[in-house]
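> My questions all concern the structure below.
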Amino acid sequence: MAPQRRGPPRVPEGSSAAERRRANSTKKDRLPQEAQRTWLRTVALGVGLSLITFLLWSSLRIDDDVAEVLARRGEILEGKFIEVPCSEDYDGHRRFEGCTPRKCGRGVTDMVITREEAEQIRRIAEKGLSLGGSDGGASILDLHSGALSVGKHFVNLYRYFGDKIQNIFSEEDFQLYRDVRQKVQLTIAKAFGISASLLYLTKPTFFSRINSTEAQTAHDEYWHAHVDKVTYGSFDYTSLLYLSDYSEDFGGGRFVFMEEGSNKTVEPRAGRVSFFTSGSENLHRVEKVLWGTRYAITIAFTCNPDHGIEDPVLT
């Protein structure tokens, strides 16, 4: 019997060829998996960025929504008054019946003086402040005490400049100042239902000039929230007479009554008077001036005759 020929032995399933086929198959499966993971990471990143953007946008919208404009520059107000509950700030001071606030609130009117009178009053401020001015963004001129910002300090302009003051101001300037003060006083008395004769001008009453120059001293940092009755115990009623126009003469610089839930803003307009009781019921601040120059007068009144001051007189 002839011997049978045997073929080459079969290569077992675990051969290198089979392994190569499996490796190639695994590699092909891995590629779409990696691509899928990369895609998922990209999508997740995009969703995250979109969420962050949405949250930032939402927060900005919230800030816008909580600020209500009480008085816009473009409108002419015969008188707007909002009554608010009085704080307890007045309890720590001597009370004067018929004058110490029992009715508290805030008001705005464009009917106290004309824009022409406001321009004349502004010229008084410009003349006085031309003698000095702060190195920072906020300068003051107080015709009562004589205080004038010069550099990082204050000087008494009547002593510092002496007789030269007669060449800067006129008696007509001071008379106009007194007339305007009296009109503001009558407006406050009428709004709060008190006799004007029970109100006394008090200090500090002053012109302010604010621009965007960086603050150099604490006196230049006008933008912090504060309560007038806490800062100046003599204040019972505060008023501001604006001498320049928001968004035309300057940007920023709006007056803000701060309230939980919704701040109330007043946009300055030359000749506009904003007034309010001086306690914590009217916590407020001024926005930073971003450009231009903002002029105003702060005119304060007290019910305590011991804290009263006289009108300025050119001597």
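Every chain in the structure tokens takes a letter, A first, then B, and so on in the order presented; its residues are numbered from 1, and the ligands are numbered from 1 following the presented order.
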Determine which residues of stretch 46-183 of chain A receive a DSSP assignment of alpha helix (DSSP H), computed from the backbone, and state them as a ChimeraX atom specification.
/A:46-65,115-129,157-161,165-168,171-183
> Atoms to include: C-alpha atoms. Write the selected residues as a compact mmCIF listing (two decimals), in the first residue's frame.

# COMPACT_ATOMS: atom_id res chain seq x y z
CA GLY A 46 -20.72 74.50 23.25
CA VAL A 47 -23.70 73.94 25.52
CA GLY A 48 -21.65 75.10 28.52
CA LEU A 49 -20.55 78.30 26.78
CA SER A 50 -24.11 78.94 25.64
CA LEU A 51 -25.37 78.52 29.20
CA ILE A 52 -22.74 80.90 30.60
CA THR A 53 -23.58 83.47 27.92
CA PHE A 54 -27.28 83.14 28.69
CA LEU A 55 -26.71 83.57 32.43
CA LEU A 56 -24.56 86.68 31.89
CA TRP A 57 -27.16 88.12 29.54
CA SER A 58 -29.91 87.34 32.03
CA SER A 59 -28.02 89.06 34.84
CA LEU A 60 -27.55 92.16 32.73
CA ARG A 61 -31.23 92.18 31.87
CA ILE A 62 -32.11 91.87 35.56
CA ASP A 63 -29.94 94.89 36.38
CA ASP A 64 -31.73 96.88 33.71
CA ASP A 65 -35.17 95.80 34.90
CA ARG A 115 -33.64 127.14 32.20
CA GLU A 116 -32.38 130.71 31.68
CA GLU A 117 -32.13 131.20 35.44
CA ALA A 118 -30.38 127.84 35.70
CA GLU A 119 -27.84 129.03 33.14
CA GLN A 120 -27.23 132.22 35.13
CA ILE A 121 -26.76 130.23 38.34
CA ARG A 122 -24.37 127.89 36.55
CA ARG A 123 -22.24 130.87 35.53
CA ILE A 124 -21.84 131.72 39.22
CA ALA A 125 -20.52 128.19 39.81
CA GLU A 126 -18.19 128.39 36.82
CA LYS A 127 -16.75 131.73 37.94
CA GLY A 128 -16.12 130.53 41.47
CA LEU A 129 -14.69 127.16 40.50
CA LEU A 157 -12.00 131.73 49.03
CA TYR A 158 -12.95 134.92 50.93
CA ARG A 159 -9.71 134.86 52.92
CA TYR A 160 -7.52 133.36 50.19
CA PHE A 161 -8.51 135.78 47.42
CA ILE A 165 -13.70 138.28 44.99
CA GLN A 166 -15.38 141.60 44.13
CA ASN A 167 -14.04 141.18 40.59
CA ILE A 168 -15.30 137.59 40.34
CA GLU A 171 -24.20 141.54 44.04
CA GLU A 172 -26.63 140.47 41.31
CA ASP A 173 -25.08 136.97 41.44
CA PHE A 174 -25.69 136.69 45.16
CA GLN A 175 -29.21 138.10 44.91
CA LEU A 176 -30.10 135.53 42.26
CA TYR A 177 -28.67 132.80 44.48
CA ARG A 178 -30.84 133.96 47.40
CA ASP A 179 -33.97 134.18 45.23
CA VAL A 180 -33.47 130.65 43.90
CA ARG A 181 -32.86 129.29 47.40
CA GLN A 182 -36.13 130.83 48.57
CA LYS A 183 -38.07 129.30 45.65
> Please provide as a ChimeraX atom specification all residues within 6 Å of stretch 67-73 of chain A, with the sequence filter that same-chain residues fewer than 4 positions apart are discarded (counting only C-alpha atoms).
/A:262-267,269
> Please provide as a list of chain:residue names all residues within 9 Å of A:Gln185, with the sequence filter that same-chain residues fewer than 6 positions apart are discarded (counting only C-alpha atoms).
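Close residues of A:Gln185: A:Ala196, A:Leu199, A:Tyr200, A:Leu201, A:Ser239, A:Ile299, A:Phe301.
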> Neighbours of A:Asp228 within 12 Å (only C-alpha atoms; same-chain residues fewer than 5 positions away dropped), as an NGL selection string?
:A and (89-90 or 203-204 or 233-239 or 276-285 or 298-302)
> Convert the current residue selection to file output with N, CA, C and O atoms, as a CSV table (one decimal), in the first residue's frame.

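Done, and the output landed in result-v4.csv:
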chain,number,residue,atom,x,y,z
A,89,ASP,N,-34.7,107.5,61.8
A,89,ASP,CA,-33.6,108.4,61.9
A,89,ASP,C,-33.9,109.7,62.7
A,89,ASP,O,-33.0,110.2,63.4
A,90,TYR,N,-35.1,110.2,62.6
A,90,TYR,CA,-35.5,111.5,63.2
A,90,TYR,C,-35.7,111.3,64.7
A,90,TYR,O,-35.6,112.3,65.4
A,203,LYS,N,-26.0,123.8,56.7
A,203,LYS,CA,-24.7,123.5,56.0
A,203,LYS,C,-24.5,122.0,56.0
A,203,LYS,O,-25.0,121.3,56.9
A,204,PRO,N,-23.8,121.5,55.0
A,204,PRO,CA,-23.3,122.2,53.8
A,204,PRO,C,-24.3,122.4,52.7
A,204,PRO,O,-25.0,121.5,52.4
A,233,GLY,N,-26.2,115.3,60.6
A,233,GLY,CA,-27.4,115.2,61.5
A,233,GLY,C,-28.3,116.4,61.4
A,233,GLY,O,-29.5,116.2,61.8
A,234,SER,N,-27.9,117.5,61.0
A,234,SER,CA,-28.8,118.7,60.9
A,234,SER,C,-29.8,118.6,59.8
A,234,SER,O,-30.9,119.2,59.8
A,235,PHE,N,-29.5,117.8,58.7
A,235,PHE,CA,-30.4,117.7,57.6
A,235,PHE,C,-31.7,117.1,57.9
A,235,PHE,O,-31.8,116.1,58.6
A,236,ASP,N,-32.8,117.8,57.5
A,236,ASP,CA,-34.2,117.2,57.6
A,236,ASP,C,-34.8,117.1,56.2
A,236,ASP,O,-35.5,116.1,55.9
A,237,TYR,N,-34.4,118.1,55.3
A,237,TYR,CA,-34.9,118.0,53.9
A,237,TYR,C,-33.8,118.4,53.0
A,237,TYR,O,-33.0,119.4,53.3
A,238,THR,N,-33.6,117.6,52.0
A,238,THR,CA,-32.5,117.8,51.0
A,238,THR,C,-33.0,118.1,49.7
A,238,THR,O,-34.1,117.6,49.3
A,239,SER,N,-32.4,119.0,48.9
A,239,SER,CA,-32.8,119.3,47.6
A,239,SER,C,-31.5,119.4,46.7
A,239,SER,O,-30.4,119.8,47.2
A,276,PHE,N,-36.2,115.7,48.8
A,276,PHE,CA,-36.6,114.5,49.6
A,276,PHE,C,-36.3,114.7,51.1
A,276,PHE,O,-35.5,115.5,51.4
A,277,THR,N,-37.0,113.9,51.9
A,277,THR,CA,-36.7,113.9,53.3
A,277,THR,C,-35.3,113.2,53.5
A,277,THR,O,-35.0,112.3,52.7
A,278,SER,N,-34.6,113.6,54.5
A,278,SER,CA,-33.1,113.3,54.5
A,278,SER,C,-32.8,112.0,55.2
A,278,SER,O,-31.6,111.6,55.3
A,279,GLY,N,-33.8,111.2,55.7
A,279,GLY,CA,-33.5,110.0,56.4
A,279,GLY,C,-33.3,108.8,55.6
A,279,GLY,O,-33.2,108.9,54.3
A,280,SER,N,-33.2,107.6,56.2
A,280,SER,CA,-32.8,106.4,55.6
A,280,SER,C,-33.9,105.9,54.6
A,280,SER,O,-33.6,105.0,53.7
A,281,GLU,N,-35.1,106.5,54.7
A,281,GLU,CA,-36.1,106.2,53.7
A,281,GLU,C,-35.7,106.6,52.3
A,281,GLU,O,-36.2,106.2,51.3
A,282,ASN,N,-34.6,107.5,52.2
A,282,ASN,CA,-34.1,108.0,50.9
A,282,ASN,C,-32.6,107.7,50.8
A,282,ASN,O,-31.9,108.7,50.5
A,283,LEU,N,-32.2,106.5,51.0
A,283,LEU,CA,-30.9,106.1,50.7
A,283,LEU,C,-30.6,106.4,49.2
A,283,LEU,O,-31.4,106.0,48.4
A,284,HIS,N,-29.4,107.0,48.9
A,284,HIS,CA,-29.2,107.3,47.5
A,284,HIS,C,-27.7,107.4,47.2
A,284,HIS,O,-26.9,107.3,48.1
A,285,ARG,N,-27.5,107.5,45.9
A,285,ARG,CA,-26.1,107.7,45.4
A,285,ARG,C,-26.2,108.4,44.1
A,285,ARG,O,-27.3,108.6,43.5
A,298,THR,N,-26.5,121.5,45.9
A,298,THR,CA,-27.2,120.9,47.0
A,298,THR,C,-27.6,122.0,48.0
A,298,THR,O,-26.8,122.8,48.5
A,299,ILE,N,-28.9,122.0,48.2
A,299,ILE,CA,-29.5,123.0,49.2
A,299,ILE,C,-30.2,122.2,50.3
A,299,ILE,O,-31.2,121.5,50.0
A,300,ALA,N,-29.7,122.4,51.5
A,300,ALA,CA,-30.2,121.6,52.6
A,300,ALA,C,-31.0,122.4,53.6
A,300,ALA,O,-30.6,123.6,53.8
A,301,PHE,N,-32.0,121.8,54.2
A,301,PHE,CA,-32.8,122.6,55.2
A,301,PHE,C,-32.9,121.8,56.5
A,301,PHE,O,-33.0,120.5,56.5
A,302,THR,N,-33.0,122.5,57.6
A,302,THR,CA,-33.2,121.9,58.9
A,302,THR,C,-34.4,122.5,59.6
A,302,THR,O,-34.8,123.6,59.3
> For a quick check of understanding, using only C-alpha atoms, which of A:Val286, A:Val273, A:Ile194, A:Ile210 has the smallest distance to A:Glu78?
A:Val273
> Looking at only C-alpha atoms, which of A:Tyr232, A:Ser87, A:Arg102, A:Thr315 is the one that sits closest to A:Gly193?
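The shortest atom-to-atom distance to A:Gly193 comes from A:Arg102.
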> For the structure I just gave you, how does DSSP split stretch 137-292 of chain A - specifically, which residues are strand (DSSP E)? Reply as a PyMOL selection string.
chain A and resi 138-141+147-151+153-156+200-210+237-242+250-252+255-257+263-266+273-277+284-286+289-292
> May I ask which of the residues A:Gly292, A:Ala191, A:Asp135, A:Phe275 is the closest one to A:Ala215, counting only C-alpha atoms?
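That would be A:Asp135, the residue with the smallest distance to A:Ala215.
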> Go ahead and compute the interatomic distance for atom CA of A:Ile297 and atom CA of A:Leu243, in Å to one decimal.
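Between atom CA of A:Ile297 and atom CA of A:Leu243 the gap is 7.7 Å.
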> Rank nothing, just name the residue among A:Tyr295, A:Phe192, A:Phe154, A:Phe169 nearest to A:Ser244, using only C-alpha atoms.
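Residue with the minimum atom-to-atom distance to A:Ser244: A:Tyr295.
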> Which is closer to A:Ser212 than all the others in A:Cys99, A:Leu198, A:Met111, A:Ala138, using only C-alpha atoms?
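When distances to A:Ser212 are compared using only C-alpha atoms, the smallest one comes from A:Ala138.
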> Considering only C-alpha atoms, return as a list in words whatever protein or nucleic-acid residues lie within 9 Å of A:Glu214, sequence-local ones (same chain, fewer than 3 positions apart) excluded.
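Listing them by chain and then by number gives Asp135, Gly136, Gly137, Asn211 and Asp220 of chain A.
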> Can those selected residues be exported to a file as a PDB file, in the first residue's frame so that it contains N, CA and C atoms?

ATOM      1  N   ASP A 135      -8.126 118.153  42.169  1.00  0.00           N
ATOM      2  CA  ASP A 135      -7.313 117.314  41.283  1.00  0.00           C
ATOM      3  C   ASP A 135      -8.068 116.074  40.865  1.00  0.00           C
ATOM      4  N   GLY A 136      -9.086 115.712  41.652  1.00  0.00           N
ATOM      5  CA  GLY A 136      -9.923 114.558  41.338  1.00  0.00           C
ATOM      6  C   GLY A 136     -11.135 114.987  40.538  1.00  0.00           C
ATOM      7  N   GLY A 137     -12.162 114.139  40.529  1.00  0.00           N
ATOM      8  CA  GLY A 137     -13.314 114.395  39.666  1.00  0.00           C
ATOM      9  C   GLY A 137     -14.404 115.252  40.273  1.00  0.00           C
ATOM     10  N   ASN A 211     -16.660 115.625  37.049  1.00  0.00           N
ATOM     11  CA  ASN A 211     -16.284 115.103  35.736  1.00  0.00           C
ATOM     12  C   ASN A 211     -15.698 113.703  35.898  1.00  0.00           C
ATOM     13  N   ASP A 220     -13.337 113.058  46.598  1.00  0.00           N
ATOM     14  CA  ASP A 220     -13.693 112.894  45.184  1.00  0.00           C
ATOM     15  C   ASP A 220     -14.608 111.694  44.952  1.00  0.00           C
TER      16      ASP A 220
END
> Separation of atom CA of A:Val256 and atom CA of A:Pro101, in Å?
21.3 Å
> Work out how far atom CA of A:Ser139 is from atom CA of A:Ser208, in Å to one decimal.
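Those two atoms sit 5.7 Å apart.
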